[in-house]
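Structure file work34.cif (mmCIF, C-alpha atoms) is printed below.
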```cif
data_structure
#
loop_
_atom_site.group_PDB
_atom_site.id
_atom_site.type_symbol
_atom_site.label_atom_id
_atom_site.label_comp_id
_atom_site.auth_asym_id
_atom_site.auth_seq_id
_atom_site.Cartn_x
_atom_site.Cartn_y
_atom_site.Cartn_z
ATOM 1 C CA MET A 184 5.046 -47.500 23.414
ATOM 2 C CA LEU A 185 4.478 -50.536 21.203
ATOM 3 C CA CYS A 186 6.038 -53.851 22.209
ATOM 4 C CA ILE A 187 7.274 -56.233 19.509
ATOM 5 C CA SER A 188 9.604 -59.222 19.599
ATOM 6 C CA VAL A 189 13.222 -58.753 18.551
ATOM 7 C CA GLU A 190 12.730 -61.611 16.110
ATOM 8 C CA GLU A 191 9.843 -59.851 14.357
ATOM 9 C CA PHE A 192 11.745 -56.553 14.298
ATOM 10 C CA LEU A 193 14.907 -58.061 12.786
ATOM 11 C CA PHE A 194 12.883 -59.785 10.048
ATOM 12 C CA TRP A 195 11.173 -56.470 9.240
ATOM 13 C CA LYS A 196 14.493 -54.573 9.297
ATOM 14 C CA LYS A 197 16.082 -57.023 6.856
ATOM 15 C CA LYS A 198 13.093 -56.647 4.515
ATOM 16 C CA GLN A 199 13.322 -52.826 4.551
ATOM 17 C CA LEU A 200 17.064 -52.736 3.868
ATOM 18 C CA SER A 201 16.636 -55.213 1.008
ATOM 19 C CA LYS A 202 14.653 -52.484 -0.807
ATOM 20 C CA GLY A 203 17.677 -50.173 -0.882
ATOM 21 C CA GLY A 204 19.076 -47.306 1.144
ATOM 22 C CA ASN A 205 21.882 -47.547 3.653
ATOM 23 C CA GLN A 206 22.292 -48.587 7.255
ATOM 24 C CA GLN A 207 23.146 -45.060 8.416
ATOM 25 C CA SER A 208 19.894 -43.575 7.060
ATOM 26 C CA PHE A 209 17.925 -46.478 8.482
ATOM 27 C CA SER A 210 19.480 -45.861 11.894
ATOM 28 C CA VAL A 211 18.341 -42.210 11.742
ATOM 29 C CA LEU A 212 14.781 -43.380 11.006
ATOM 30 C CA LEU A 213 14.794 -45.871 13.869
ATOM 31 C CA ASP A 214 16.261 -43.424 16.379
ATOM 32 C CA CYS A 215 14.294 -40.290 15.514
ATOM 33 C CA ILE A 216 10.873 -41.754 14.765
ATOM 34 C CA GLY A 217 10.986 -45.298 16.132
ATOM 35 C CA GLY A 218 12.723 -44.409 19.380
ATOM 36 C CA ILE A 219 15.272 -47.220 18.965
ATOM 37 C CA THR A 220 18.863 -46.095 19.463
ATOM 38 C CA THR A 221 22.001 -47.774 18.130
ATOM 39 C CA SER A 222 22.695 -49.140 21.619
ATOM 40 C CA ASP A 223 19.173 -50.625 21.662
ATOM 41 C CA LEU A 224 19.967 -52.352 18.371
ATOM 42 C CA ASN A 225 23.244 -53.695 19.734
ATOM 43 C CA LEU A 226 21.349 -55.248 22.639
ATOM 44 C CA THR A 227 19.118 -57.181 20.218
ATOM 45 C CA ILE A 228 22.164 -59.223 19.224
ATOM 46 C CA LEU A 229 22.746 -60.134 22.866
ATOM 47 C CA ASN A 230 19.090 -60.857 23.535
ATOM 48 C CA PRO A 231 17.475 -62.153 20.311
ATOM 49 C CA LYS A 232 14.584 -63.689 22.259
ATOM 50 C CA GLY A 233 13.671 -60.403 23.953
ATOM 51 C CA ASN A 234 11.335 -57.540 23.078
ATOM 52 C CA LEU A 235 11.703 -53.999 21.729
ATOM 53 C CA TYR A 236 9.579 -50.948 22.446
ATOM 54 C CA LEU A 237 8.689 -48.622 19.569
ATOM 55 C CA LYS A 238 7.274 -45.081 19.533
ATOM 56 C CA LYS A 239 5.602 -45.773 16.161
ATOM 57 C CA ASN A 240 4.411 -49.018 14.601
ATOM 58 C CA LEU A 241 6.302 -50.805 11.848
ATOM 59 C CA GLU A 242 3.767 -49.790 9.189
ATOM 60 C CA PHE A 243 4.334 -46.098 9.904
ATOM 61 C CA LEU A 244 8.117 -46.515 9.868
ATOM 62 C CA GLU A 245 7.881 -48.428 6.598
ATOM 63 C CA CYS A 246 5.880 -45.604 4.985
ATOM 64 C CA VAL A 247 8.569 -43.081 5.940
ATOM 65 C CA TRP A 248 11.305 -45.385 4.656
ATOM 66 C CA ASP A 249 9.454 -45.838 1.360
ATOM 67 C CA ASP A 250 9.172 -42.050 0.963
ATOM 68 C CA HIS A 251 12.917 -41.853 1.443
ATOM 69 C CA LEU A 252 13.647 -44.588 -1.091
ATOM 70 C CA PHE A 253 11.110 -43.942 -3.811
ATOM 71 C CA LYS A 254 10.809 -40.131 -3.678
ATOM 72 C CA SER A 255 14.525 -39.607 -2.951
ATOM 73 C CA CYS A 256 13.643 -37.376 0.007
ATOM 74 C CA PRO A 257 16.550 -37.166 2.505
ATOM 75 C CA ILE A 258 15.767 -39.171 5.618
ATOM 76 C CA GLN A 259 16.869 -36.193 7.744
ATOM 77 C CA TYR A 260 14.013 -34.062 6.374
ATOM 78 C CA LEU A 261 11.469 -36.840 6.838
ATOM 79 C CA CYS A 262 12.609 -37.255 10.443
ATOM 80 C CA GLU A 263 13.242 -33.481 10.874
ATOM 81 C CA THR A 264 16.486 -34.457 12.605
ATOM 82 C CA THR A 265 20.141 -34.992 11.810
ATOM 83 C CA PHE A 266 23.184 -36.042 13.809
ATOM 84 C CA TRP A 267 26.347 -33.947 13.418
ATOM 85 C CA ARG A 268 29.448 -34.404 15.563
ATOM 86 C CA ASP A 269 27.905 -35.010 18.989
ATOM 87 C CA LEU A 270 24.837 -32.852 18.273
ATOM 88 C CA LYS A 271 21.279 -33.886 17.515
ATOM 89 C CA LEU A 272 19.826 -31.091 15.379
ATOM 90 C CA LYS A 273 16.416 -30.206 14.023
ATOM 91 C CA VAL A 274 16.408 -29.709 10.243
ATOM 92 C CA THR A 275 13.698 -28.837 7.727
ATOM 93 C CA ASN A 276 13.883 -28.044 4.019
ATOM 94 C CA LYS A 277 14.599 -24.418 5.040
ATOM 95 C CA VAL A 278 18.168 -25.401 5.954
ATOM 96 C CA LEU A 279 20.931 -27.406 4.336
ATOM 97 C CA ILE A 280 21.602 -30.767 5.968
ATOM 98 C CA PRO A 281 25.041 -30.311 7.604
ATOM 99 C CA ARG A 282 27.549 -32.691 5.991
ATOM 100 C CA PRO A 283 30.030 -34.940 7.823
ATOM 101 C CA GLU A 284 32.979 -33.297 6.034
ATOM 102 C CA THR A 285 31.955 -29.896 7.446
ATOM 103 C CA GLU A 286 32.645 -31.280 10.928
ATOM 104 C CA LEU A 287 36.338 -30.713 10.164
ATOM 105 C CA ILE A 288 35.809 -26.932 10.376
ATOM 106 C CA VAL A 289 35.447 -27.329 14.135
ATOM 107 C CA ASP A 290 38.679 -29.346 14.284
ATOM 108 C CA ILE A 291 40.489 -26.615 12.323
ATOM 109 C CA VAL A 292 39.375 -24.097 14.965
ATOM 110 C CA PHE A 293 40.587 -26.455 17.710
ATOM 111 C CA ASN A 294 44.023 -26.568 16.051
ATOM 112 C CA ILE A 295 44.243 -22.763 15.970
ATOM 113 C CA PHE A 296 42.752 -22.030 19.392
ATOM 114 C CA ARG A 297 43.919 -24.911 21.547
ATOM 115 C CA LYS A 298 42.784 -23.664 24.948
ATOM 116 C CA LYS A 299 39.069 -24.179 25.529
ATOM 117 C CA SER A 300 39.316 -21.480 28.223
ATOM 118 C CA GLU A 301 40.075 -18.828 25.577
ATOM 119 C CA LYS A 302 37.683 -15.902 25.380
ATOM 120 C CA LEU A 303 37.116 -15.719 21.660
ATOM 121 C CA PHE A 304 34.708 -13.543 19.762
ATOM 122 C CA PHE A 305 33.670 -15.483 16.656
ATOM 123 C CA ALA A 306 31.124 -15.133 13.867
ATOM 124 C CA GLU A 307 29.594 -17.669 11.535
ATOM 125 C CA LEU A 308 28.149 -16.346 8.275
ATOM 126 C CA GLY A 309 25.262 -18.339 6.829
ATOM 127 C CA THR A 310 24.652 -20.544 9.852
ATOM 128 C CA GLY A 311 21.747 -22.639 8.497
ATOM 129 C CA SER A 312 20.911 -25.202 11.187
ATOM 130 C CA GLY A 313 23.453 -23.564 13.514
ATOM 131 C CA ALA A 314 25.672 -26.655 13.629
ATOM 132 C CA ILE A 315 29.107 -24.995 13.458
ATOM 133 C CA SER A 316 28.317 -22.099 15.795
ATOM 134 C CA ILE A 317 26.655 -24.330 18.367
ATOM 135 C CA ALA A 318 29.604 -26.737 18.366
ATOM 136 C CA LEU A 319 32.017 -23.829 18.917
ATOM 137 C CA ALA A 320 29.858 -22.173 21.581
ATOM 138 C CA LEU A 321 29.789 -25.471 23.483
ATOM 139 C CA ALA A 322 33.518 -26.118 23.049
ATOM 140 C CA TYR A 323 34.532 -22.582 24.133
ATOM 141 C CA PRO A 324 32.053 -21.736 26.912
ATOM 142 C CA LEU A 325 33.871 -18.514 27.878
ATOM 143 C CA SER A 326 33.666 -17.216 24.308
ATOM 144 C CA GLU A 327 30.975 -15.173 22.597
ATOM 145 C CA GLY A 328 29.618 -16.004 19.171
ATOM 146 C CA VAL A 329 27.324 -14.413 16.612
ATOM 147 C CA ALA A 330 25.701 -16.261 13.722
ATOM 148 C CA THR A 331 24.000 -14.766 10.688
ATOM 149 C CA ASP A 332 21.644 -16.071 8.047
ATOM 150 C CA ILE A 333 19.654 -14.375 5.312
ATOM 151 C CA ASP A 334 16.606 -16.563 6.048
ATOM 152 C CA GLN A 335 14.588 -15.881 9.195
ATOM 153 C CA ASP A 336 13.142 -19.426 9.120
ATOM 154 C CA ALA A 337 16.652 -20.862 9.157
ATOM 155 C CA LEU A 338 17.607 -18.635 12.101
ATOM 156 C CA GLU A 339 14.605 -19.826 14.087
ATOM 157 C CA ILE A 340 15.696 -23.420 13.545
ATOM 158 C CA ALA A 341 19.275 -22.574 14.546
ATOM 159 C CA ALA A 342 18.101 -20.769 17.684
ATOM 160 C CA LYS A 343 15.957 -23.770 18.697
ATOM 161 C CA ASN A 344 18.899 -26.099 18.123
ATOM 162 C CA TYR A 345 21.067 -23.920 20.351
ATOM 163 C CA ILE A 346 18.490 -23.873 23.149
ATOM 164 C CA ASN A 347 18.156 -27.661 22.902
ATOM 165 C CA SER A 348 21.930 -28.192 22.925
ATOM 166 C CA SER A 349 23.220 -25.726 25.498
ATOM 167 C CA LYS A 350 22.486 -24.247 28.905
ATOM 168 C CA HIS A 351 24.672 -21.234 28.110
ATOM 169 C CA SER A 352 23.823 -17.940 26.422
ATOM 170 C CA ASN A 353 27.064 -17.232 24.580
ATOM 171 C CA LEU A 354 25.656 -17.392 21.046
ATOM 172 C CA LYS A 355 23.380 -14.819 19.387
ATOM 173 C CA PHE A 356 21.656 -14.871 16.003
ATOM 174 C CA TYR A 357 21.232 -12.050 13.477
ATOM 175 C CA CYS A 358 19.212 -11.971 10.268
ATOM 176 C CA GLY A 359 20.838 -10.520 7.168
ATOM 177 C CA ASN A 360 23.167 -11.118 4.243
ATOM 178 C CA TRP A 361 26.701 -12.154 5.238
ATOM 179 C CA TRP A 362 28.374 -9.292 7.143
ATOM 180 C CA SER A 363 25.519 -6.779 6.934
ATOM 181 C CA PRO A 364 23.964 -7.546 10.375
ATOM 182 C CA LEU A 365 27.368 -7.260 12.072
ATOM 183 C CA GLU A 366 28.160 -3.563 11.452
ATOM 184 C CA SER A 367 28.557 -2.912 15.176
ATOM 185 C CA PHE A 368 31.257 -5.597 15.432
ATOM 186 C CA LYS A 369 33.770 -4.127 12.974
ATOM 187 C CA GLY A 370 37.351 -4.843 13.970
ATOM 188 C CA LYS A 371 36.300 -7.045 16.899
ATOM 189 C CA LEU A 372 36.310 -10.637 15.617
ATOM 190 C CA ASP A 373 39.026 -13.149 16.472
ATOM 191 C CA LEU A 374 37.566 -15.614 14.028
ATOM 192 C CA ALA A 375 35.017 -15.785 11.215
ATOM 193 C CA ILE A 376 33.782 -19.035 9.701
ATOM 194 C CA SER A 377 31.566 -19.727 6.725
ATOM 195 C CA ASN A 378 30.348 -22.674 4.712
ATOM 196 C CA PRO A 379 28.682 -20.517 2.032
ATOM 197 C CA PRO A 380 26.863 -21.578 -1.156
ATOM 198 C CA TYR A 381 29.675 -22.507 -3.556
ATOM 199 C CA ILE A 382 28.114 -24.761 -6.213
ATOM 200 C CA PRO A 383 28.626 -23.297 -9.733
ATOM 201 C CA ASN A 384 25.397 -22.810 -11.708
ATOM 202 C CA GLU A 385 26.277 -25.478 -14.261
ATOM 203 C CA THR A 386 27.218 -28.019 -11.582
ATOM 204 C CA TYR A 387 23.984 -27.364 -9.684
ATOM 205 C CA GLU A 388 21.947 -28.716 -12.602
ATOM 206 C CA LYS A 389 23.813 -32.034 -12.319
ATOM 207 C CA LEU A 390 23.365 -32.507 -8.576
ATOM 208 C CA PRO A 391 21.611 -35.689 -7.356
ATOM 209 C CA LYS A 392 17.840 -35.256 -7.149
ATOM 210 C CA GLU A 393 17.838 -35.835 -3.371
ATOM 211 C CA VAL A 394 19.864 -32.616 -3.121
ATOM 212 C CA LYS A 395 18.471 -30.523 -5.987
ATOM 213 C CA ASN A 396 14.806 -31.370 -5.374
ATOM 214 C CA PHE A 397 14.781 -30.952 -1.605
ATOM 215 C CA GLU A 398 17.598 -28.824 -0.170
ATOM 216 C CA PRO A 399 17.307 -25.010 -0.310
ATOM 217 C CA LYS A 400 18.699 -23.617 -3.553
ATOM 218 C CA VAL A 401 19.809 -20.427 -1.809
ATOM 219 C CA ALA A 402 22.149 -22.506 0.396
ATOM 220 C CA LEU A 403 23.816 -24.182 -2.588
ATOM 221 C CA LEU A 404 24.128 -21.839 -5.574
ATOM 222 C CA GLY A 405 27.339 -19.845 -5.730
ATOM 223 C CA GLY A 406 26.908 -18.058 -9.044
ATOM 224 C CA GLU A 407 28.585 -18.652 -12.394
ATOM 225 C CA ASP A 408 31.901 -19.900 -11.008
ATOM 226 C CA GLY A 409 30.664 -20.771 -7.512
ATOM 227 C CA LEU A 410 32.751 -18.012 -5.915
ATOM 228 C CA LYS A 411 30.217 -15.169 -5.814
ATOM 229 C CA HIS A 412 29.599 -15.368 -2.062
ATOM 230 C CA ILE A 413 33.143 -16.389 -1.141
ATOM 231 C CA ARG A 414 34.453 -13.244 -2.891
ATOM 232 C CA GLU A 415 32.114 -10.997 -0.926
ATOM 233 C CA ILE A 416 32.969 -12.659 2.375
ATOM 234 C CA ILE A 417 36.734 -12.381 1.795
ATOM 235 C CA GLN A 418 36.644 -8.800 0.501
ATOM 236 C CA LYS A 419 34.739 -7.504 3.535
ATOM 237 C CA ALA A 420 36.382 -9.707 6.167
ATOM 238 C CA PRO A 421 39.253 -7.243 6.898
ATOM 239 C CA LEU A 422 36.688 -4.699 8.123
ATOM 240 C CA PHE A 423 35.427 -7.078 10.802
ATOM 241 C CA LEU A 424 38.455 -9.112 11.881
ATOM 242 C CA LYS A 425 40.871 -8.023 14.556
ATOM 243 C CA GLU A 426 44.508 -7.733 13.617
ATOM 244 C CA LYS A 427 45.690 -11.352 13.141
ATOM 245 C CA GLY A 428 42.096 -12.572 13.140
ATOM 246 C CA TRP A 429 41.330 -15.795 11.251
ATOM 247 C CA LEU A 430 38.958 -16.562 8.379
ATOM 248 C CA ILE A 431 37.977 -20.186 7.702
ATOM 249 C CA LEU A 432 36.019 -21.068 4.580
ATOM 250 C CA GLU A 433 34.609 -24.269 3.166
ATOM 251 C CA ASN A 434 34.715 -24.428 -0.620
ATOM 252 C CA HIS A 435 33.979 -26.719 -3.579
ATOM 253 C CA PHE A 436 36.452 -29.533 -4.218
ATOM 254 C CA ASP A 437 38.195 -27.642 -7.050
ATOM 255 C CA GLN A 438 38.150 -24.069 -5.691
ATOM 256 C CA SER A 439 40.894 -24.011 -3.054
ATOM 257 C CA GLU A 440 43.613 -22.451 -5.227
ATOM 258 C CA LYS A 441 41.246 -19.719 -6.397
ATOM 259 C CA VAL A 442 40.125 -19.022 -2.830
ATOM 260 C CA LYS A 443 43.761 -18.919 -1.746
ATOM 261 C CA GLN A 444 44.456 -16.292 -4.426
ATOM 262 C CA LEU A 445 41.484 -14.208 -3.239
ATOM 263 C CA LEU A 446 42.870 -14.296 0.296
ATOM 264 C CA ILE A 447 46.297 -13.192 -0.937
ATOM 265 C CA GLU A 448 44.735 -10.304 -2.908
ATOM 266 C CA ASN A 449 42.970 -9.140 0.258
ATOM 267 C CA LYS A 450 46.140 -9.089 2.362
ATOM 268 C CA PHE A 451 45.667 -12.350 4.257
ATOM 269 C CA THR A 452 48.712 -14.311 5.424
ATOM 270 C CA SER A 453 49.316 -17.799 6.932
ATOM 271 C CA ILE A 454 47.097 -19.127 4.154
ATOM 272 C CA GLU A 455 46.563 -22.869 4.170
ATOM 273 C CA ILE A 456 44.452 -25.333 2.210
ATOM 274 C CA VAL A 457 43.134 -28.045 4.517
ATOM 275 C CA LYS A 458 42.118 -31.388 3.051
ATOM 276 C CA ASP A 459 39.077 -33.379 4.127
ATOM 277 C CA LEU A 460 39.156 -37.108 4.925
ATOM 278 C CA SER A 461 38.985 -37.909 1.203
ATOM 279 C CA GLY A 462 42.130 -35.883 0.514
ATOM 280 C CA ILE A 463 40.184 -33.051 -1.161
ATOM 281 C CA GLY A 464 41.150 -29.409 -0.478
ATOM 282 C CA ARG A 465 37.829 -28.660 1.202
ATOM 283 C CA PHE A 466 38.819 -25.709 3.403
ATOM 284 C CA THR A 467 40.905 -22.587 2.874
ATOM 285 C CA ILE A 468 42.056 -20.559 5.864
ATOM 286 C CA GLY A 469 43.936 -17.315 6.307
ATOM 287 C CA ARG A 470 44.946 -14.715 8.880
ATOM 288 C CA TYR A 471 44.426 -11.016 8.349
ATOM 289 C CA ILE A 472 47.856 -9.295 8.536
#
```

Kindly return the structure encoded in the file as C-alpha cells.
Amino acid sequence: MLCISVEEFLFWKKKQLSKGGNQQSFSVLLDCIGGITTSDLNLTILNPKGNLYLKKNLEFLECVWDDHLFKSCPIQYLCETTFWRDLKLKVTNKVLIPRPETELIVDIVFNIFRKKSEKLFFAELGTGSGAISIALALAYPLSEGVATDIDQDALEIAAKNYINSSKHSNLKFYCGNWWSPLESFKGKLDLAISNPPYIPNETYEKLPKEVKNFEPKVALLGGEDGLKHIREIIQKAPLFLKEKGWLILENHFDQSEKVKQLLIENKFTSIEIVKDLSGIGRFTIGRYI
C-alpha cells in the first residue's frame, strides 16, 4: 500500500476532475483500482490532515482516468468492475455494462412475488454479466434460477460473479440462444425475465462512441425495428411458462406499446407498461393465461 497525505490526494483529485468526466466514474476508479472507498473519501473531510493508503500510485490512476476521458472507454471496462444494486460485478467488453434503470426489473419481481420465502423457478434470457439473475437468486434463496446467454465468455463472467456474490447454489447457467438451452424446462417456469438487444439498426449508428466502440454489438442490436429478439422471446414464452407464469421484458423507450401488442397476440393477460425513474415506459410485463 502507498501512503499519501489527504491534502496531496485532494489536490490531485481536483485536477483530474477538472479535465472532465463525472464524480460517479471517478469513484469507481478510486474504489476498484485505488482501493479507496466512498466511506474512505468521506473520512478525508473529517481528517484533512491525515493520510490515505492507495493500492496503486497516482500516476497509474491518472493514466487510467485519461484513457477513460480521451479514448471514451467506459471506466467499468478499464476497472473490469461495475456496481449494480448492492452487487459488485466483474465486467469486460464481452458483456454489456448493466444500467441503473435495469435495476427496476428486480423491483418489478418483488412487487409480483412479495414473499422472499417463495420457491420460484425463474429464467433469465441473455444474462450478460449475470446481474439480474444473481440479484434474484440472492433475494429468493429458496428459489431455483437458470440463466442463458449465447456467448460462452459472457457466461463464464456471469458464473464468476455468482460465485463471488453468493454462498448458495440456486442459479445455473446454460449456453445457447434465448430459449433453446431450456428445452427440458418447458411448462415449468414461474417467471422469465429478459433485457434483450432492442436497439434498432438505424439508432445503433447514432449511439455515443463510448457505447458503440466498446460494448458488444450482439448485446445491443435488435434488428430493423429493434424488436427481432423480443418477438422471438414472446412467441416461444408460452411453451416454457407455467399457467399464470410471468414474462418481464426491458425494451427501448418507444417500444412499449408494440411489445404490449405482441403480448396480447400471444395470449398474455395482466399486461402492464412499467415506467422507469425518468417516466419512460422501459418495461413491459404480462402473464400467460

Output check: residues returned by the PyMOL selection byres ((chain A and resi 352) around 10), as a VMD selection string: chain A and resid 320 324 327 to 328 345 to 346 349 to 351 353 to 355

Hits from the PyMOL selection byres ((chain A and resi 438) around 12), listed as a VMD selection string: chain A and resid 381 to 383 405 408 to 411 413 to 414 432 to 437 439 to 445 456 463 to 467

Include C-alpha atoms and write out the residues we just selected as a compact mmCIF listing (two decimals), in the coordinates of the input.
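Here's the written file again_34.txt:
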```txt
# COMPACT_ATOMS: atom_id res chain seq x y z
CA TYR A 381 29.68 -22.51 -3.56
CA ILE A 382 28.11 -24.76 -6.21
CA PRO A 383 28.63 -23.30 -9.73
CA GLY A 405 27.34 -19.84 -5.73
CA ASP A 408 31.90 -19.90 -11.01
CA GLY A 409 30.66 -20.77 -7.51
CA LEU A 410 32.75 -18.01 -5.92
CA LYS A 411 30.22 -15.17 -5.81
CA ILE A 413 33.14 -16.39 -1.14
CA ARG A 414 34.45 -13.24 -2.89
CA LEU A 432 36.02 -21.07 4.58
CA GLU A 433 34.61 -24.27 3.17
CA ASN A 434 34.72 -24.43 -0.62
CA HIS A 435 33.98 -26.72 -3.58
CA PHE A 436 36.45 -29.53 -4.22
CA ASP A 437 38.20 -27.64 -7.05
CA SER A 439 40.89 -24.01 -3.05
CA GLU A 440 43.61 -22.45 -5.23
CA LYS A 441 41.25 -19.72 -6.40
CA VAL A 442 40.12 -19.02 -2.83
CA LYS A 443 43.76 -18.92 -1.75
CA GLN A 444 44.46 -16.29 -4.43
CA LEU A 445 41.48 -14.21 -3.24
CA ILE A 456 44.45 -25.33 2.21
CA ILE A 463 40.18 -33.05 -1.16
CA GLY A 464 41.15 -29.41 -0.48
CA ARG A 465 37.83 -28.66 1.20
CA PHE A 466 38.82 -25.71 3.40
CA THR A 467 40.90 -22.59 2.87
```

Nearest to Glu286 of chain A, chosen from A:Tyr323, A:Trp267, A:Phe397, A:Tyr471, with all atoms listed in the file counted in the distances: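 So, comparing all the options, the nearest one is A:Trp267.
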
Selected residue of minimal separation from Ser188 of chain A among A:Lys450, A:Lys202, A:Asp223, A:Lys232, counting only C-alpha atoms: A:Lys232

Shortest interatomic distance to Ser363 of chain A - which of A:Thr221, A:Ser312, A:Thr331, A:Thr275, counting all atoms listed in the file: A:Thr331

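The residues returned by the PyMOL selection byres ((chain A and resi 358) around 9) for this structure are Ala330, Thr331, Asp332, Ile333, Asp334, Gln335, Leu338, Phe356, Tyr357, Gly359, Asn360, Ser363 and Pro364 of chain A.
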
Nearest candidate to Leu287 of chain A (options A:Ser208, A:Ser453, A:Leu213, A:Ile431; using all atoms listed in the file):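 Among the listed residues, the smallest separation from Leu287 of chain A belongs to A:Ile431.
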
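Interatomic distance, atom CA of Leu261 of chain A to atom CA of Ile315 of chain A: 22.3 Å.
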
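Residue nearest Glu263 of chain A, chosen from A:Ile340, A:Phe296, A:Gln199, A:Glu393 and counting only C-alpha atoms: A:Ile340.
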
Between atom CA of Leu422 of chain A and atom CA of Ala341 of chain A, distance in Å (one decimal): 25.8 Å

Interatomic distance, atom CA of Asp373 of chain A to atom CA of Lys302 of chain A (Å, one decimal):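 Those two atoms sit 9.4 Å apart.
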
Close residues, Asn396 of chain A itself excluded, 12 Å, all atoms listed in the file, min 3 positions apart in chain, as a tab-separated table (two decimals) with C-alpha atoms, keeping the file's coordinate frame:
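What follows is the written file selection.tsv:
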```tsv
chain	number	residue	atom	x	y	z
A	254	LYS	CA	10.81	-40.13	-3.68
A	255	SER	CA	14.52	-39.61	-2.95
A	256	CYS	CA	13.64	-37.38	0.01
A	257	PRO	CA	16.55	-37.17	2.50
A	276	ASN	CA	13.88	-28.04	4.02
A	387	TYR	CA	23.98	-27.36	-9.68
A	388	GLU	CA	21.95	-28.72	-12.60
A	389	LYS	CA	23.81	-32.03	-12.32
A	390	LEU	CA	23.36	-32.51	-8.58
A	391	PRO	CA	21.61	-35.69	-7.36
A	392	LYS	CA	17.84	-35.26	-7.15
A	393	GLU	CA	17.84	-35.84	-3.37
A	399	PRO	CA	17.31	-25.01	-0.31
A	400	LYS	CA	18.70	-23.62	-3.55
A	403	LEU	CA	23.82	-24.18	-2.59
```

Of the listed residues A:Ser367, A:Thr285, A:Gln259, A:Ser316, that which approaches Val457 of chain A most closely, counting only C-alpha atoms: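 Selected residue with least distance to Val457 of chain A: A:Thr285.
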
Shell of 6 Å around Glu307 of chain A, only C-alpha atoms, local chain residues under 5 positions omitted, as number ranges by chain: A: 330, 375-377

Ref. answer, residues at most 12 Å from (14.2, -53.0, 4.9) with all atoms listed in the file, as a VMD selection string: chain A and resid 192 to 206 208 to 210 212 to 213 241 to 242 244 to 249 251 to 252

Using the file's own x, y and z axes, what box holds all listed atoms of segment 320-323 of chain A with 6 Å on each side, keeping edges along x, y and z, and what are its centre and edge lengths in Å to one decimal, as AutoDock Vina command-line options?
```
--center_x 32.2 --center_y -24.1 --center_z 22.9 --size_x 16.7 --size_y 15.9 --size_z 14.6
```
